[in-house]
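**Student:** Pasting upload-v3.cif here (mmCIF, C-alpha atoms):
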```
data_data
#
loop_
_atom_site.label_atom_id
_atom_site.label_comp_id
_atom_site.auth_asym_id
_atom_site.auth_seq_id
_atom_site.Cartn_x
_atom_site.Cartn_y
_atom_site.Cartn_z
CA MET A 1 55.21 -2.38 -109.10
CA ILE A 2 53.62 -2.02 -112.54
CA SER A 3 56.19 -2.61 -115.29
CA ASN A 4 55.13 0.43 -117.33
CA LEU A 5 54.63 3.46 -115.09
CA ASN A 6 53.36 5.44 -118.09
CA ASN A 7 50.13 3.43 -117.74
CA TYR A 8 49.52 5.31 -114.47
CA VAL A 9 49.80 8.60 -116.38
CA ILE A 10 47.16 7.34 -118.82
CA PHE A 11 44.95 6.05 -116.00
CA HIS A 12 45.18 9.38 -114.15
CA THR A 13 44.35 11.41 -117.29
CA VAL A 14 41.37 9.22 -118.24
CA ALA A 15 40.02 9.38 -114.66
CA LYS A 16 40.17 13.18 -114.60
CA ALA A 17 38.78 13.58 -118.14
CA GLY A 18 36.02 10.98 -117.69
CA ASN A 19 36.33 10.23 -121.39
CA ILE A 20 38.82 8.20 -123.41
CA SER A 21 38.54 10.51 -126.42
CA LYS A 22 39.36 13.62 -124.34
CA ALA A 23 42.25 11.83 -122.66
CA ALA A 24 43.64 10.80 -126.06
CA ASN A 25 43.57 14.45 -127.22
CA GLN A 26 45.35 15.61 -124.01
CA LEU A 27 48.05 12.95 -124.27
CA TYR A 28 48.42 13.17 -128.07
CA ILE A 29 47.97 9.41 -128.53
CA SER A 30 45.24 7.35 -130.19
CA GLN A 31 42.10 6.08 -128.48
CA PRO A 32 43.02 2.42 -129.14
CA ALA A 33 46.38 3.04 -127.41
CA ILE A 34 44.51 4.50 -124.42
CA SER A 35 42.15 1.51 -124.24
CA LYS A 36 45.04 -0.94 -124.54
CA ALA A 37 46.99 0.74 -121.72
CA ILE A 38 43.97 0.73 -119.39
CA SER A 39 43.26 -2.94 -120.14
CA LYS A 40 46.93 -3.81 -119.48
CA LEU A 41 46.85 -1.97 -116.13
CA GLU A 42 43.63 -3.69 -115.08
CA GLU A 43 45.11 -7.03 -116.05
CA GLU A 44 48.27 -6.49 -114.00
CA LEU A 45 46.32 -5.25 -110.97
CA GLY A 46 43.68 -8.00 -111.33
CA THR A 47 40.71 -5.67 -111.02
CA ALA A 48 38.47 -3.42 -113.12
CA LEU A 49 39.30 0.27 -112.77
CA PHE A 50 36.58 1.87 -114.92
CA ASN A 51 32.90 1.45 -115.59
CA ARG A 52 32.38 2.01 -119.33
CA SER A 53 29.25 3.49 -120.91
CA SER A 54 28.25 5.37 -124.06
CA ARG A 55 28.66 8.62 -122.17
CA GLY A 56 32.23 7.88 -121.07
CA VAL A 57 33.95 6.17 -118.16
CA THR A 58 33.71 6.40 -114.36
CA LEU A 59 35.95 4.92 -111.71
CA THR A 60 35.00 1.71 -109.99
CA GLU A 61 35.33 1.53 -106.22
CA GLU A 62 38.76 -0.09 -106.66
CA GLY A 63 39.65 2.48 -109.29
CA GLN A 64 38.78 5.32 -106.91
CA VAL A 65 41.15 3.89 -104.23
CA LEU A 66 43.99 3.69 -106.78
CA TYR A 67 43.23 7.18 -108.13
CA GLU A 68 43.66 8.81 -104.70
CA TYR A 69 47.14 7.34 -104.36
CA VAL A 70 48.12 8.21 -107.92
CA GLU A 71 46.84 11.76 -107.43
CA ARG A 72 49.04 12.22 -104.35
CA ALA A 73 52.00 10.74 -106.18
CA PHE A 74 51.65 13.16 -109.08
CA ASP A 75 51.20 16.07 -106.66
CA SER A 76 54.48 15.10 -105.00
CA LEU A 77 56.22 14.86 -108.37
CA ASN A 78 54.91 18.28 -109.40
CA MET A 79 56.07 19.76 -106.10
CA GLY A 80 59.48 18.16 -106.58
CA GLU A 81 59.79 19.67 -110.05
CA GLU A 82 58.78 23.08 -108.73
CA ASN A 83 61.28 22.90 -105.88
CA LEU A 84 63.99 21.81 -108.28
CA LYS A 85 63.21 24.80 -110.47
CA ASN A 86 63.43 27.12 -107.46
CA TYR A 87 66.61 25.36 -106.34
CA LYS A 88 68.25 26.29 -109.62
CA GLU A 89 66.75 29.73 -110.15
CA LEU A 90 66.74 31.04 -106.55
CA GLY A 91 69.89 29.31 -105.34
CA ILE A 92 68.11 27.15 -102.78
CA GLY A 93 70.29 24.50 -101.20
CA HIS A 94 71.68 23.01 -98.02
CA ILE A 95 75.33 22.92 -96.92
CA ARG A 96 76.55 20.99 -93.87
CA ILE A 97 79.76 22.38 -92.35
CA GLY A 98 81.95 20.91 -89.62
CA VAL A 99 84.15 23.32 -87.67
CA SER A 100 85.53 23.92 -84.18
CA THR A 101 84.00 26.68 -82.07
CA SER A 102 87.12 28.86 -82.34
CA LEU A 103 87.57 28.43 -86.09
CA CYS A 104 83.88 29.15 -86.55
CA LYS A 105 84.05 32.38 -84.55
CA HIS A 106 87.35 33.72 -85.85
CA ILE A 107 87.40 32.53 -89.48
CA LEU A 108 84.20 30.90 -90.76
CA LEU A 109 81.86 33.71 -89.72
CA ASP A 110 83.72 36.17 -91.95
CA TYR A 111 83.10 33.91 -94.94
CA LEU A 112 79.48 33.21 -94.06
CA LYS A 113 78.18 36.72 -93.36
CA ASP A 114 78.70 38.02 -96.92
CA PHE A 115 77.89 34.69 -98.59
CA ILE A 116 74.52 34.49 -96.80
CA ARG A 117 73.77 38.05 -97.82
CA GLU A 118 74.35 37.07 -101.46
CA ASN A 119 72.62 33.66 -101.15
CA PRO A 120 69.79 34.01 -98.61
CA ASN A 121 68.01 30.84 -99.73
CA ILE A 122 70.86 28.48 -98.96
CA LYS A 123 70.44 26.69 -95.62
CA PHE A 124 73.44 25.90 -93.41
CA SER A 125 73.92 23.27 -90.73
CA ILE A 126 76.95 23.88 -88.50
CA ASP A 127 78.42 20.97 -86.51
CA CYS A 128 80.93 22.27 -83.95
CA HIS A 129 83.62 19.68 -83.33
CA SER A 130 87.38 19.45 -83.03
CA THR A 131 89.41 18.99 -86.21
CA VAL A 132 89.77 15.27 -85.44
CA ASN A 133 86.01 14.77 -85.14
CA THR A 134 85.30 16.98 -88.16
CA ILE A 135 87.48 14.68 -90.26
CA LYS A 136 85.48 11.67 -89.02
CA LEU A 137 82.24 13.39 -90.06
CA LEU A 138 83.70 14.09 -93.50
CA ARG A 139 84.81 10.50 -93.92
CA ASN A 140 81.33 9.25 -92.97
CA GLU A 141 79.71 11.83 -95.31
CA ASP A 142 77.78 13.36 -92.40
CA ILE A 143 78.96 16.83 -93.50
CA ASP A 144 79.77 18.34 -96.89
CA ILE A 145 82.82 20.40 -95.95
CA GLY A 146 84.95 21.09 -92.89
CA LEU A 147 87.09 24.01 -91.75
CA ILE A 148 90.07 22.43 -90.01
CA CYS A 149 93.67 22.93 -88.95
CA ASN A 150 96.13 21.29 -91.29
CA THR A 151 96.77 17.68 -90.32
CA GLU A 152 97.03 14.21 -91.83
CA LEU A 153 93.89 13.34 -93.78
CA PRO A 154 92.38 10.04 -94.92
CA LYS A 155 92.49 9.09 -98.59
CA GLY A 156 89.91 10.88 -100.71
CA ILE A 157 89.74 14.03 -98.58
CA VAL A 158 91.13 17.19 -100.18
CA TYR A 159 92.56 20.06 -98.12
CA SER A 160 92.76 23.66 -99.35
CA PRO A 161 94.47 26.19 -97.01
CA VAL A 162 92.94 29.66 -96.63
CA LYS A 163 94.78 31.25 -93.68
CA GLU A 164 98.11 31.00 -91.87
CA ILE A 165 98.00 30.98 -88.07
CA HIS A 166 100.64 31.26 -85.32
CA ASP A 167 100.61 29.55 -81.93
CA VAL A 168 101.96 31.68 -79.08
CA PHE A 169 102.06 31.79 -75.30
CA VAL A 170 100.28 34.67 -73.58
CA ALA A 171 99.63 35.90 -70.05
CA SER A 172 98.37 38.99 -68.29
CA PRO A 173 100.99 41.55 -67.20
CA GLU A 174 99.79 41.15 -63.61
CA TYR A 175 100.32 37.40 -63.68
CA LEU A 176 103.88 37.84 -64.96
CA ASP A 177 104.67 40.46 -62.33
CA ASN A 178 103.35 38.11 -59.66
CA PHE A 179 105.38 35.28 -61.13
CA TYR A 180 108.54 37.37 -60.87
CA GLU A 181 107.79 38.24 -57.29
CA ARG A 182 107.08 34.61 -56.39
CA THR A 183 110.31 33.53 -58.08
CA ASN A 184 112.63 36.20 -56.69
CA GLY A 185 110.83 37.51 -53.61
CA ARG A 186 109.85 41.09 -52.79
CA ASP A 187 112.49 41.27 -50.10
CA GLN A 188 115.21 40.68 -52.69
CA TYR A 189 114.21 43.05 -55.43
CA SER A 190 111.17 44.62 -57.07
CA PHE A 191 111.11 45.75 -60.67
CA ALA A 192 108.71 48.50 -59.64
CA ASP A 193 111.49 50.14 -57.59
CA GLU A 194 113.81 50.55 -60.54
CA LEU A 195 111.82 50.77 -63.77
CA PRO A 196 110.81 54.02 -65.50
CA GLY A 197 107.29 55.16 -64.69
CA ASN A 198 105.80 54.07 -68.00
CA ILE A 199 106.70 50.41 -67.40
CA LYS A 200 106.74 50.35 -63.61
CA GLY A 201 105.37 47.11 -62.22
CA ASN A 202 105.42 45.35 -65.59
CA ILE A 203 108.16 42.96 -66.73
CA ILE A 204 106.69 42.57 -70.20
CA PRO A 205 108.56 45.50 -71.82
CA LEU A 206 111.79 43.83 -70.69
CA LEU A 207 110.84 40.52 -72.23
CA ASN A 208 109.63 42.12 -75.43
CA SER A 209 112.68 44.37 -75.77
CA GLY A 210 115.05 41.44 -75.36
CA LEU A 211 116.51 42.87 -72.14
CA VAL A 212 115.35 39.73 -70.41
CA SER A 213 116.20 36.52 -72.23
CA ALA A 214 113.63 34.19 -73.75
CA THR A 215 115.83 31.26 -72.75
CA HIS A 216 117.17 29.98 -69.46
CA ASP A 217 120.79 29.71 -70.60
CA ASP A 218 122.71 31.47 -67.81
CA ALA A 219 125.45 32.43 -70.23
CA THR A 220 123.03 34.41 -72.40
CA ASP A 221 120.46 35.65 -69.86
CA GLN A 222 120.01 39.40 -70.16
CA VAL A 223 118.97 41.60 -67.27
CA VAL A 224 118.28 45.24 -66.63
CA GLY A 225 120.33 47.85 -64.79
CA LYS A 226 119.15 49.73 -61.73
CA LYS A 227 119.57 53.32 -60.64
CA SER A 228 122.98 54.46 -59.62
CA ARG A 229 122.91 54.81 -55.84
CA ASP A 230 125.62 57.42 -56.04
CA THR A 231 123.96 59.82 -58.49
CA GLY A 232 120.30 58.97 -58.09
CA HIS A 233 119.98 58.92 -61.89
CA SER A 234 119.06 56.02 -64.07
CA SER A 235 122.03 54.18 -65.44
CA GLY A 236 119.97 53.23 -68.51
CA VAL A 237 118.62 49.92 -69.70
CA SER A 238 121.44 47.76 -70.99
CA ALA A 239 121.69 44.11 -72.00
CA SER A 240 125.13 44.01 -70.43
CA THR A 241 124.19 45.23 -66.96
CA THR A 242 122.81 43.21 -64.09
CA ILE A 243 120.13 43.62 -61.43
CA HIS A 244 121.27 43.60 -57.78
CA ASN A 245 119.20 43.74 -54.65
CA SER A 246 119.66 46.41 -52.00
CA SER A 247 122.49 44.47 -50.37
CA ASN A 248 124.20 44.29 -53.76
CA SER A 249 124.66 40.53 -53.30
CA CYS A 250 122.08 38.84 -55.56
CA MET A 251 121.59 38.83 -59.32
CA SER A 252 117.96 38.47 -60.44
CA ASN A 253 116.97 37.27 -63.91
CA ILE A 254 114.00 35.67 -65.58
CA SER A 255 113.28 33.99 -68.91
CA THR A 256 110.33 32.85 -71.01
CA VAL A 257 111.30 29.24 -70.43
CA ASN A 258 111.42 29.92 -66.67
CA ILE A 259 107.90 31.24 -66.94
CA LEU A 260 106.62 28.30 -69.00
CA GLU A 261 108.16 25.72 -66.70
CA GLY A 262 107.14 27.43 -63.48
CA SER A 263 103.68 28.69 -64.37
CA ASN A 264 100.23 27.23 -64.59
CA LEU A 265 100.25 26.42 -68.35
CA MET A 266 96.77 26.36 -69.86
CA VAL A 267 96.34 24.33 -73.05
CA LEU A 268 93.67 22.62 -75.13
CA GLU A 269 92.74 19.02 -74.39
CA GLU A 270 94.91 16.12 -75.52
CA ALA A 271 94.26 14.67 -79.02
CA ASN A 272 93.41 18.16 -80.23
CA VAL A 273 95.47 19.05 -83.34
CA THR A 274 96.56 22.38 -81.80
CA ARG A 275 97.56 20.71 -78.53
CA THR A 276 99.61 18.11 -80.41
CA HIS A 277 101.39 20.85 -82.36
CA VAL A 278 102.29 22.80 -79.20
CA ASP A 279 103.35 19.66 -77.32
CA GLU A 280 105.72 18.74 -80.14
CA TYR A 281 107.25 22.22 -79.96
CA LEU A 282 107.76 22.03 -76.19
CA ARG A 283 109.45 18.64 -76.52
CA SER A 284 111.70 19.89 -79.32
CA GLN A 285 112.85 22.77 -77.11
CA GLY A 286 113.36 20.61 -74.04
CA ILE A 287 110.73 22.54 -72.10
CA SER A 288 109.02 20.57 -69.34
CA CYS A 289 105.91 22.10 -67.82
CA SER A 290 104.98 20.85 -64.37
CA GLN A 291 101.55 22.52 -64.03
CA VAL A 292 99.18 21.94 -66.95
CA LEU A 293 95.51 22.89 -67.03
CA GLU A 294 93.46 21.48 -69.94
CA ILE A 295 90.59 23.54 -71.33
CA ASN A 296 88.40 22.56 -74.27
CA ASN A 297 87.92 26.00 -75.82
CA MET A 298 90.43 28.46 -77.27
CA ASP A 299 88.38 31.52 -76.32
CA LEU A 300 88.27 30.36 -72.71
CA LEU A 301 92.05 30.02 -72.77
CA ILE A 302 92.29 33.66 -73.81
CA ASP A 303 89.78 34.76 -71.17
CA PHE A 304 91.48 32.78 -68.39
CA ALA A 305 94.85 34.26 -69.34
CA ALA A 306 93.31 37.75 -69.23
CA ILE A 307 92.13 37.31 -65.63
CA GLY A 308 95.54 36.04 -64.51
CA MET A 309 94.97 32.31 -64.15
CA GLY A 310 98.26 31.46 -65.85
CA VAL A 311 100.07 31.29 -69.18
CA ALA A 312 97.90 30.15 -72.10
CA SER A 313 98.74 28.53 -75.41
CA VAL A 314 96.61 30.37 -77.97
CA VAL A 315 96.52 31.33 -81.63
CA ARG A 316 97.81 34.88 -82.02
CA GLU A 317 95.26 35.77 -84.71
CA PHE A 318 92.39 34.72 -82.42
CA ALA A 319 93.65 36.82 -79.49
CA GLN A 320 94.53 39.95 -81.45
CA GLU A 321 91.94 42.15 -79.73
CA GLN A 322 93.19 41.28 -76.24
CA LEU A 323 96.83 41.58 -77.31
CA SER A 324 96.23 45.00 -78.85
CA SER A 325 94.47 46.28 -75.72
CA GLY A 326 97.25 45.02 -73.44
CA VAL A 327 94.97 42.77 -71.43
CA ILE A 328 97.34 39.94 -72.30
CA THR A 329 100.81 39.97 -73.78
CA GLU A 330 102.77 37.52 -75.90
CA LEU A 331 105.85 35.89 -74.41
CA PRO A 332 108.88 36.13 -76.71
CA LEU A 333 110.43 32.89 -77.95
CA ASN A 334 113.94 32.53 -79.33
CA THR A 335 112.60 29.78 -81.57
CA PRO A 336 109.01 30.55 -82.56
CA ILE A 337 106.45 27.77 -82.73
CA PRO A 338 106.22 26.74 -86.43
CA SER A 339 103.29 28.38 -88.19
CA ARG A 340 100.53 26.26 -89.69
CA THR A 341 97.41 26.73 -91.79
CA VAL A 342 93.65 26.54 -91.51
CA GLY A 343 91.72 25.40 -94.55
CA PHE A 344 88.65 23.72 -95.96
CA ALA A 345 88.53 19.94 -96.32
CA TYR A 346 86.05 18.14 -98.55
CA SER A 347 85.55 14.97 -100.55
CA GLY A 348 87.66 14.85 -103.69
CA VAL A 349 85.51 12.24 -105.46
CA LYS A 350 81.89 13.02 -104.62
CA ASN A 351 79.97 15.23 -107.04
CA GLN A 352 79.02 18.44 -105.24
CA GLY A 353 75.60 20.08 -105.46
CA THR A 354 74.98 23.55 -106.85
CA ALA A 355 74.95 25.24 -103.42
CA MET A 356 78.15 23.50 -102.37
CA ARG A 357 79.95 24.42 -105.60
CA LYS A 358 78.87 28.03 -105.15
CA PHE A 359 80.19 28.11 -101.57
CA MET A 360 83.51 26.51 -102.53
CA GLU A 361 83.97 29.09 -105.26
CA TRP A 362 83.17 31.84 -102.71
CA VAL A 363 85.82 30.72 -100.23
CA GLY A 364 88.35 30.13 -102.99
CA VAL A 365 88.81 26.35 -102.84
#
```
Using the file provided, produce a representation of the structure as structure tokens.
**Tutor:**
Amino acid sequence: MISNLNNYVIFHTVAKAGNISKAANQLYISQPAISKAISKLEEELGTALFNRSSRGVTLTEEGQVLYEYVERAFDSLNMGEENLKNYKELGIGHIRIGVSTSLCKHILLDYLKDFIRENPNIKFSIDCHSTVNTIKLLRNEDIDIGLICNTELPKGIVYSPVKEIHDVFVASPEYLDNFYERTNGRDQYSFADELPGNIKGNIIPLLNSGLVSATHDDATDQVVGKKSRDTGHSSGVSASTTIHNSSNSCMSNISTVNILEGSNLMVLEEANVTRTHVDEYLRSQGISCSQVLEINNMDLLIDFAAIGMGVASVVREFAQEQLSSGVITELPLNTPIPSRTVGFAYSGVKNQGTAMRKFMEWVGV
């Protein structure tokens, strides 16, 4: 590499001008300085670059070879300067984001849709991974920022929460009715025989009203009263009454813990941050689930719960549409699963580009 790259600028100008005097005027330096620079370049390259005459200078064969490369180099530099100008003036940039499929759908998209409208020239690359893998990508600098669930982070990674989320257990009303019937047997008692018409065939209103306990403590289990056989009128729904079968010899009750321990419990895969959080809750409550089905996508958990495959561990905020429509319902818990946060994680030491700084300001981190 030539020690003084400015000599290439002089060489390029002289070659285009075909005259040392014209090149000196364009570069605002003296003709002797031009001649000295060309001689120095020829000396370092070990070859003559120009044929000199009284009418000016022309490139030698070797000089023409060098000129073609120098011309392309200066074209690339000019293009780079132009792109940099556009980058600053038009907001052109590239942001690499790591995020799970569920967090992308339910949280990130809301941030992106308006930001892209305001900054149409910024390019995004989205890598869909679990929180654990997103953190690895951040640590290896393969992404610029990640949307993750709160968890332990390596040194140098900053976490800024943006939303609180709540883990819950959900199931379809039909699945829970079928669970009750499997547990107690149709021949013993059917809720549909005794409930008011608006909740007939559905045990969820009992769970949600507290008339059926969320725990399996026999001393605190709450059950619902049946019609008075003498009057034919409803005796009312009371936490202090009990359910009897037609032979008046069996008490029937059910609890959320009964359901969790006796159902097909659908959860995310092991090593997932959400799965770890839910597993820790189940252990803390002494709940042991015998049938566990692992699924690698939160939205599939919601969909499978909706079609009656079992009880699913989901994030309430991500299943709000299905909960509101009644396709699935949330099981009540005496001790709720501790809430947690979702937030953006990014390097705390690396200087961020213009596009990245603009995005971070947009999302409030």
**Student:** Do you have the atom CA of Gly308 of chain A-atom CA of Glu280 of chain A distance handy?
**Tutor:**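 Separating atom CA of Gly308 of chain A from atom CA of Glu280 of chain A is a distance of 25.4 Å.
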**Student:** Please indicate the distance in Å from atom CA of His94 of chain A to atom CA of Lys123 of chain A, rounded to one decimal place.
**Tutor:**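 Separation of atom CA of His94 of chain A and atom CA of Lys123 of chain A: 4.6 Å.
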**Student:** Evaluate the PyMOL selection byres ((chain A and resi 358) around 12) here and jot the selected residues down as a PDB file with C-alpha atoms, in the frame of the given file.
**Tutor:**
```
ATOM      1  CA  LYS A  88      68.250  26.290-109.620  1.00  0.00           C
ATOM      2  CA  GLY A  91      69.890  29.310-105.340  1.00  0.00           C
ATOM      3  CA  ILE A  92      68.110  27.150-102.780  1.00  0.00           C
ATOM      4  CA  GLY A  93      70.290  24.500-101.200  1.00  0.00           C
ATOM      5  CA  HIS A  94      71.680  23.010 -98.020  1.00  0.00           C
ATOM      6  CA  ILE A  95      75.330  22.920 -96.920  1.00  0.00           C
ATOM      7  CA  PHE A 115      77.890  34.690 -98.590  1.00  0.00           C
ATOM      8  CA  ILE A 116      74.520  34.490 -96.800  1.00  0.00           C
ATOM      9  CA  GLU A 118      74.350  37.070-101.460  1.00  0.00           C
ATOM     10  CA  ASN A 119      72.620  33.660-101.150  1.00  0.00           C
ATOM     11  CA  ILE A 122      70.860  28.480 -98.960  1.00  0.00           C
ATOM     12  CA  GLN A 352      79.020  18.440-105.240  1.00  0.00           C
ATOM     13  CA  GLY A 353      75.600  20.080-105.460  1.00  0.00           C
ATOM     14  CA  THR A 354      74.980  23.550-106.850  1.00  0.00           C
ATOM     15  CA  ALA A 355      74.950  25.240-103.420  1.00  0.00           C
ATOM     16  CA  MET A 356      78.150  23.500-102.370  1.00  0.00           C
ATOM     17  CA  ARG A 357      79.950  24.420-105.600  1.00  0.00           C
ATOM     18  CA  PHE A 359      80.190  28.110-101.570  1.00  0.00           C
ATOM     19  CA  MET A 360      83.510  26.510-102.530  1.00  0.00           C
ATOM     20  CA  GLU A 361      83.970  29.090-105.260  1.00  0.00           C
ATOM     21  CA  TRP A 362      83.170  31.840-102.710  1.00  0.00           C
ATOM     22  CA  VAL A 363      85.820  30.720-100.230  1.00  0.00           C
ATOM     23  CA  GLY A 364      88.350  30.130-102.990  1.00  0.00           C
ATOM     24  CA  VAL A 365      88.810  26.350-102.840  1.00  0.00           C
TER      25      VAL A 365
END
```
**Student:** Go through A:Phe50, A:Phe318, A:Phe124, A:Tyr346 one by one, measure the shortest atom-to-atom distance of each to Leu137 of chain A using all atoms listed in the file, and give the residue with the smallest value.
**Tutor:**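 Among the listed residues, the smallest separation from Leu137 of chain A belongs to A:Tyr346.
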**Student:** Work out how far apart atom CA of Thr274 of chain A and atom CA of Pro336 of chain A are and give it in Å to one decimal.
**Tutor:** 14.9 Å
**Student:** Any chance you could model N, CA, C and O atoms for segment 285-296 of chain A and send them as a tab-separated table (two decimals), in the coordinates of the input?
**Tutor:**
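Output file selection.tsv follows:
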```tsv
chain	number	residue	atom	x	y	z
A	285	GLN	N	112.06	21.75	-77.79
A	285	GLN	CA	112.85	22.77	-77.11
A	285	GLN	C	113.31	22.33	-75.72
A	285	GLN	O	113.94	23.10	-75.00
A	286	GLY	N	112.96	21.11	-75.34
A	286	GLY	CA	113.36	20.61	-74.04
A	286	GLY	C	112.67	21.31	-72.89
A	286	GLY	O	113.22	21.40	-71.79
A	287	ILE	N	111.47	21.81	-73.13
A	287	ILE	CA	110.73	22.54	-72.10
A	287	ILE	C	109.77	21.58	-71.41
A	287	ILE	O	108.94	20.94	-72.08
A	288	SER	N	109.87	21.46	-70.12
A	288	SER	CA	109.02	20.57	-69.34
A	288	SER	C	108.15	21.38	-68.40
A	288	SER	O	108.65	22.08	-67.52
A	289	CYS	N	106.85	21.30	-68.61
A	289	CYS	CA	105.91	22.10	-67.82
A	289	CYS	C	105.30	21.23	-66.73
A	289	CYS	O	104.70	20.19	-67.02
A	290	SER	N	105.42	21.66	-65.50
A	290	SER	CA	104.98	20.85	-64.37
A	290	SER	C	103.51	21.05	-64.03
A	290	SER	O	102.86	20.17	-63.48
A	291	GLN	N	102.95	22.22	-64.35
A	291	GLN	CA	101.55	22.52	-64.03
A	291	GLN	C	100.78	22.77	-65.32
A	291	GLN	O	100.97	23.79	-65.97
A	292	VAL	N	99.93	21.83	-65.70
A	292	VAL	CA	99.18	21.94	-66.95
A	292	VAL	C	97.69	21.87	-66.66
A	292	VAL	O	97.22	20.96	-65.97
A	293	LEU	N	96.96	22.85	-67.16
A	293	LEU	CA	95.51	22.89	-67.03
A	293	LEU	C	94.89	22.76	-68.42
A	293	LEU	O	95.15	23.59	-69.29
A	294	GLU	N	94.08	21.71	-68.64
A	294	GLU	CA	93.46	21.48	-69.94
A	294	GLU	C	92.09	22.14	-70.01
A	294	GLU	O	91.27	22.01	-69.09
A	295	ILE	N	91.85	22.84	-71.10
A	295	ILE	CA	90.59	23.54	-71.33
A	295	ILE	C	90.15	23.22	-72.75
A	295	ILE	O	90.97	23.15	-73.67
A	296	ASN	N	88.85	23.04	-72.97
A	296	ASN	CA	88.40	22.56	-74.27
A	296	ASN	C	87.98	23.66	-75.24
A	296	ASN	O	87.37	23.37	-76.27
```
